[in-house]
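Read the structure below first, then the notes.
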Amino acid sequence: MSKTSKYIYEDNYLNIKYIVELSWNERNIIFNVKQENAINKGYESLFSLSSLIDKNHIFKVFNTIEDCYNYFLNLLNSKKYKVIKEADNIILCFFIKNLTSEKDEEMKLNLASKILEVETISENYNTIINDLKKENKILKEEISSLKDEILKLKSVSEEYKSFKEKIYSIIDERIKIGLAQRKENNNQILDNLNYSSNI
């Protein structure tokens, strides 16, 4: 086997991500599809050059399975495919040019379900655990940031409270001074009136 390529397909309608893997050996192209975060189950099928020719005549122009691999790579890179989940199977649907009309047509490849090997399951668990650790770290950072914001808001609130108390204190003092002056003025007026009446 020469090469393996990985792609992520997002089903926006169902909000599911699929990991699509494409590889090849001397006789076959191998498609693997796994739903993201699926721990012990995947889908796989092998296709020889003759089986691909049976699916669509466009493959008659290819001489080797590696040519087919490169063709599929191009389709995957161009996003000319979709993943369809049907019962316990996965269908890879490719949009390829018709040789005569030059219009896109669908070519469907059925992938059968398979139980993943222990090593792969272990890898999947590790991936999920690592993802959860990353999410946990991000959440901790967000919580820390929120705590900082709360402390800042508390500080601003305390400053506002202190400022408000000072303002009320100044107003109370001014009112007391104003009342005292008014009382003094009233007393002076009364004294003047008493003095006038005595005269």
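Ordering of the structure tokens sets the chain letters (A, B, ...); residue numbers start at 1 within each chain; ligands are numbered from 1 in the order shown.
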
As a list of chain:residue names, please: the residues near Asn56 in chain A (cut-off 10 Å, only C-alpha atoms, same-chain neighbours under 6 positions excluded).
A:Ser50, A:Ile96, A:Asn98, A:Leu99, A:Glu105, A:Glu106, A:Met107, A:Lys108

Same residues, C-alpha atoms, output as a short mmCIF file (atom, residue, chain, number, x, y, z; two decimals), in the first residue's frame:
data_model
loop_
_atom_site.label_atom_id
_atom_site.label_comp_id
_atom_site.auth_asym_id
_atom_site.auth_seq_id
_atom_site.Cartn_x
_atom_site.Cartn_y
_atom_site.Cartn_z
CA SER A 50 -12.75 -4.07 -13.08
CA ILE A 96 -18.34 12.46 -11.94
CA ASN A 98 -20.33 11.64 -18.04
CA LEU A 99 -17.98 10.76 -20.93
CA GLU A 105 -23.71 12.15 -12.79
CA GLU A 106 -23.81 10.24 -9.53
CA MET A 107 -21.80 7.11 -8.89
CA LYS A 108 -22.59 5.34 -5.63
#

Under the rule of at most 12 Å, produce a per-residue listing of range 78-116 of chain A near range 5-11 of chain A: chain, number, name, the closest pair of atoms, and the distance in Å, as a tab-separated table, using only C-alpha atoms.
residue	atom	partner	partner_atom	distance
A:Ser78	CA	A:Tyr7	CA	11.2
A:Lys79	CA	A:Tyr9	CA	8.7
A:Lys80	CA	A:Tyr9	CA	10.9
A:Tyr81	CA	A:Tyr9	CA	8.9
A:Lys82	CA	A:Tyr9	CA	7.2
A:Val83	CA	A:Tyr9	CA	7.1
A:Ile84	CA	A:Asp11	CA	8.6
A:Lys85	CA	A:Asp11	CA	10.0
A:Leu92	CA	A:Tyr9	CA	10.7
A:Cys93	CA	A:Tyr9	CA	11.9

Writer output for current selection, C-alpha atoms, as a tab-separated table (two decimals), in the first residue's frame:
chain	number	residue	atom	x	y	z
A	78	SER	CA	-12.87	19.18	-5.15
A	79	LYS	CA	-15.61	18.16	-2.68
A	80	LYS	CA	-17.46	16.34	-5.45
A	81	TYR	CA	-18.85	13.72	-3.12
A	82	LYS	CA	-21.19	13.20	-0.19
A	83	VAL	CA	-21.64	10.61	2.54
A	84	ILE	CA	-25.08	9.05	2.94
A	85	LYS	CA	-26.02	6.84	5.91
A	92	LEU	CA	-20.18	7.26	-0.85
A	93	CYS	CA	-21.78	9.22	-3.64

Excluding same-chain residues fewer than 3 positions from Ile65 in chain A, what lies within 8 Å of it counting only C-alpha atoms, as a list of chain:residue names?
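Using only C-alpha atoms, the neighbours found are A:Trp24, A:Asn25, A:Glu26, A:Arg27, A:Asn28, A:Ile29, A:Ser48, A:Leu49, A:Phe62, A:Cys68, A:Tyr69.
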
Could you save those same residues with N, CA and C atoms as a PDB file, in the first residue's frame?
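Listed below is the output, result27.pdb:
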ATOM      1  N   TRP A  24      -4.800   2.644  -1.305  1.00  0.00           N
ATOM      2  CA  TRP A  24      -4.771   1.684  -2.402  1.00  0.00           C
ATOM      3  C   TRP A  24      -3.611   0.705  -2.232  1.00  0.00           C
ATOM      4  N   ASN A  25      -3.787  -0.461  -2.855  1.00  0.00           N
ATOM      5  CA  ASN A  25      -2.688  -1.420  -2.984  1.00  0.00           C
ATOM      6  C   ASN A  25      -2.603  -1.821  -4.454  1.00  0.00           C
ATOM      7  N   GLU A  26      -1.862  -2.847  -4.773  1.00  0.00           N
ATOM      8  CA  GLU A  26      -1.662  -3.210  -6.187  1.00  0.00           C
ATOM      9  C   GLU A  26      -2.957  -3.559  -6.909  1.00  0.00           C
ATOM     10  N   ARG A  27      -3.932  -4.105  -6.177  1.00  0.00           N
ATOM     11  CA  ARG A  27      -5.155  -4.583  -6.830  1.00  0.00           C
ATOM     12  C   ARG A  27      -6.409  -3.766  -6.555  1.00  0.00           C
ATOM     13  N   ASN A  28      -6.427  -3.053  -5.418  1.00  0.00           N
ATOM     14  CA  ASN A  28      -7.685  -2.416  -4.991  1.00  0.00           C
ATOM     15  C   ASN A  28      -7.498  -0.991  -4.489  1.00  0.00           C
ATOM     16  N   ILE A  29      -8.624  -0.276  -4.597  1.00  0.00           N
ATOM     17  CA  ILE A  29      -8.765   0.980  -3.868  1.00  0.00           C
ATOM     18  C   ILE A  29      -9.579   0.636  -2.624  1.00  0.00           C
ATOM     19  N   SER A  48     -11.763  -3.129  -7.057  1.00  0.00           N
ATOM     20  CA  SER A  48     -10.730  -3.377  -8.067  1.00  0.00           C
ATOM     21  C   SER A  48     -11.029  -2.500  -9.280  1.00  0.00           C
ATOM     22  N   LEU A  49     -10.096  -2.428 -10.211  1.00  0.00           N
ATOM     23  CA  LEU A  49     -10.305  -1.630 -11.419  1.00  0.00           C
ATOM     24  C   LEU A  49     -11.495  -2.160 -12.209  1.00  0.00           C
ATOM     25  N   PHE A  62      -8.491   4.464 -17.388  1.00  0.00           N
ATOM     26  CA  PHE A  62      -7.382   4.310 -16.449  1.00  0.00           C
ATOM     27  C   PHE A  62      -6.669   2.978 -16.646  1.00  0.00           C
ATOM     28  N   CYS A  68      -6.729   5.423 -10.690  1.00  0.00           N
ATOM     29  CA  CYS A  68      -8.079   5.556 -10.106  1.00  0.00           C
ATOM     30  C   CYS A  68      -7.997   6.269  -8.759  1.00  0.00           C
ATOM     31  N   TYR A  69      -7.001   5.892  -7.966  1.00  0.00           N
ATOM     32  CA  TYR A  69      -6.778   6.521  -6.658  1.00  0.00           C
ATOM     33  C   TYR A  69      -6.602   8.031  -6.833  1.00  0.00           C
TER      34      TYR A  69
END

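Closest approach to Ala87 in chain A among A:Thr64, A:Ile175, A:Asn70, A:Ala112: A:Ala112, based on only C-alpha atoms.
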
From the DSSP assignment of the backbone, select every residue of range 63-195 of chain A that is helix (DSSP H, G or I), and format the answer as a ChimeraX atom specification.
/A:65-77,118-195

Show me, as number ranges by chain, the residues that have an atom within 12 Å of Tyr43 in chain A when counting only C-alpha atoms, minus same-chain residues fewer than 5 positions from it.
A: 18-22, 30-35, 38, 83-86, 88-92, 109-116

I need the chosen residues saved as a CSV table (one decimal), in the first residue's frame, with N, CA and C atoms.
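The resulting selection-v5.csv:
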chain,number,residue,atom,x,y,z
A,18,TYR,N,-18.0,12.9,9.3
A,18,TYR,CA,-17.5,11.6,8.9
A,18,TYR,C,-16.0,11.8,8.5
A,19,ILE,N,-15.2,10.8,8.9
A,19,ILE,CA,-13.8,10.8,8.4
A,19,ILE,C,-13.7,9.8,7.3
A,20,VAL,N,-13.4,10.3,6.1
A,20,VAL,CA,-13.3,9.5,4.9
A,20,VAL,C,-11.8,9.2,4.6
A,21,GLU,N,-11.4,7.9,4.5
A,21,GLU,CA,-10.0,7.6,4.2
A,21,GLU,C,-10.0,6.8,2.9
A,22,LEU,N,-9.0,7.2,2.1
A,22,LEU,CA,-8.8,6.6,0.8
A,22,LEU,C,-7.4,6.0,0.7
A,30,ILE,N,-9.2,1.2,-1.5
A,30,ILE,CA,-9.9,0.9,-0.2
A,30,ILE,C,-10.5,2.2,0.3
A,31,PHE,N,-11.8,2.2,0.5
A,31,PHE,CA,-12.5,3.3,1.2
A,31,PHE,C,-12.8,2.9,2.6
A,32,ASN,N,-12.5,3.8,3.5
A,32,ASN,CA,-12.9,3.6,4.9
A,32,ASN,C,-13.6,4.9,5.3
A,33,VAL,N,-14.8,4.7,6.0
A,33,VAL,CA,-15.5,5.8,6.5
A,33,VAL,C,-15.9,5.5,8.0
A,34,LYS,N,-15.6,6.5,8.8
A,34,LYS,CA,-15.9,6.4,10.2
A,34,LYS,C,-16.6,7.7,10.7
A,35,GLN,N,-17.7,7.5,11.4
A,35,GLN,CA,-18.4,8.6,12.0
A,35,GLN,C,-17.5,9.2,13.1
A,38,ALA,N,-17.3,7.9,16.8
A,38,ALA,CA,-17.8,6.5,16.8
A,38,ALA,C,-16.6,5.7,17.3
A,83,VAL,N,-21.5,11.8,1.8
A,83,VAL,CA,-21.6,10.6,2.5
A,83,VAL,C,-23.1,10.5,2.9
A,84,ILE,N,-23.7,9.3,2.6
A,84,ILE,CA,-25.1,9.0,2.9
A,84,ILE,C,-25.1,7.8,3.9
A,85,LYS,N,-25.8,8.0,5.0
A,85,LYS,CA,-26.0,6.8,5.9
A,85,LYS,C,-27.4,6.2,5.6
A,86,GLU,N,-27.3,4.9,5.3
A,86,GLU,CA,-28.5,4.1,5.0
A,86,GLU,C,-28.5,2.8,5.8
A,88,ASP,N,-27.6,0.1,8.0
A,88,ASP,CA,-26.3,-0.2,8.6
A,88,ASP,C,-25.2,-0.1,7.6
A,89,ASN,N,-25.4,0.7,6.5
A,89,ASN,CA,-24.4,0.9,5.5
A,89,ASN,C,-24.1,2.4,5.3
A,90,ILE,N,-23.0,2.6,4.7
A,90,ILE,CA,-22.6,4.0,4.3
A,90,ILE,C,-22.5,3.9,2.7
A,91,ILE,N,-23.1,5.0,2.1
A,91,ILE,CA,-22.9,5.1,0.7
A,91,ILE,C,-22.1,6.3,0.4
A,92,LEU,N,-21.0,6.1,-0.4
A,92,LEU,CA,-20.2,7.3,-0.8
A,92,LEU,C,-20.7,7.6,-2.2
A,109,LEU,N,-21.0,4.2,-4.2
A,109,LEU,CA,-20.2,3.1,-3.7
A,109,LEU,C,-20.7,2.7,-2.3
A,110,ASN,N,-21.2,1.4,-2.2
A,110,ASN,CA,-21.7,1.0,-0.9
A,110,ASN,C,-20.5,0.5,0.0
A,111,LEU,N,-20.5,0.9,1.2
A,111,LEU,CA,-19.5,0.5,2.2
A,111,LEU,C,-20.2,-0.3,3.3
A,112,ALA,N,-19.7,-1.5,3.5
A,112,ALA,CA,-20.3,-2.4,4.5
A,112,ALA,C,-19.7,-2.0,5.9
A,113,SER,N,-20.5,-2.2,6.9
A,113,SER,CA,-20.1,-1.9,8.3
A,113,SER,C,-19.1,-3.0,8.8
A,114,LYS,N,-18.2,-2.6,9.6
A,114,LYS,CA,-17.2,-3.5,10.2
A,114,LYS,C,-16.8,-3.1,11.6
A,115,ILE,N,-16.6,-4.0,12.5
A,115,ILE,CA,-16.1,-3.7,13.8
A,115,ILE,C,-14.6,-3.4,13.7
A,116,LEU,N,-14.3,-2.3,14.3
A,116,LEU,CA,-12.9,-1.9,14.3
A,116,LEU,C,-12.0,-2.8,15.2

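Going from CA of Asp67 in chain A to CA of Leu46 in chain A covers 15.5 Å.
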
So that I can check the secondary structure, give me every residue of range 105-175 of chain A assigned strand (DSSP E) by backbone DSSP, as a PyMOL selection string.
chain A and resi 105-115

Could you please determine the separation between CA of Thr100 in chain A and CA of Asp54 in chain A in Å, to one decimal place?
16.9 Å

Could you check how far CA of Ile58 in chain A sits from CA of Asn74 in chain A, in Å to one decimal?
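About the pair CA of Ile58 in chain A and CA of Asn74 in chain A: they are 14.4 Å apart.
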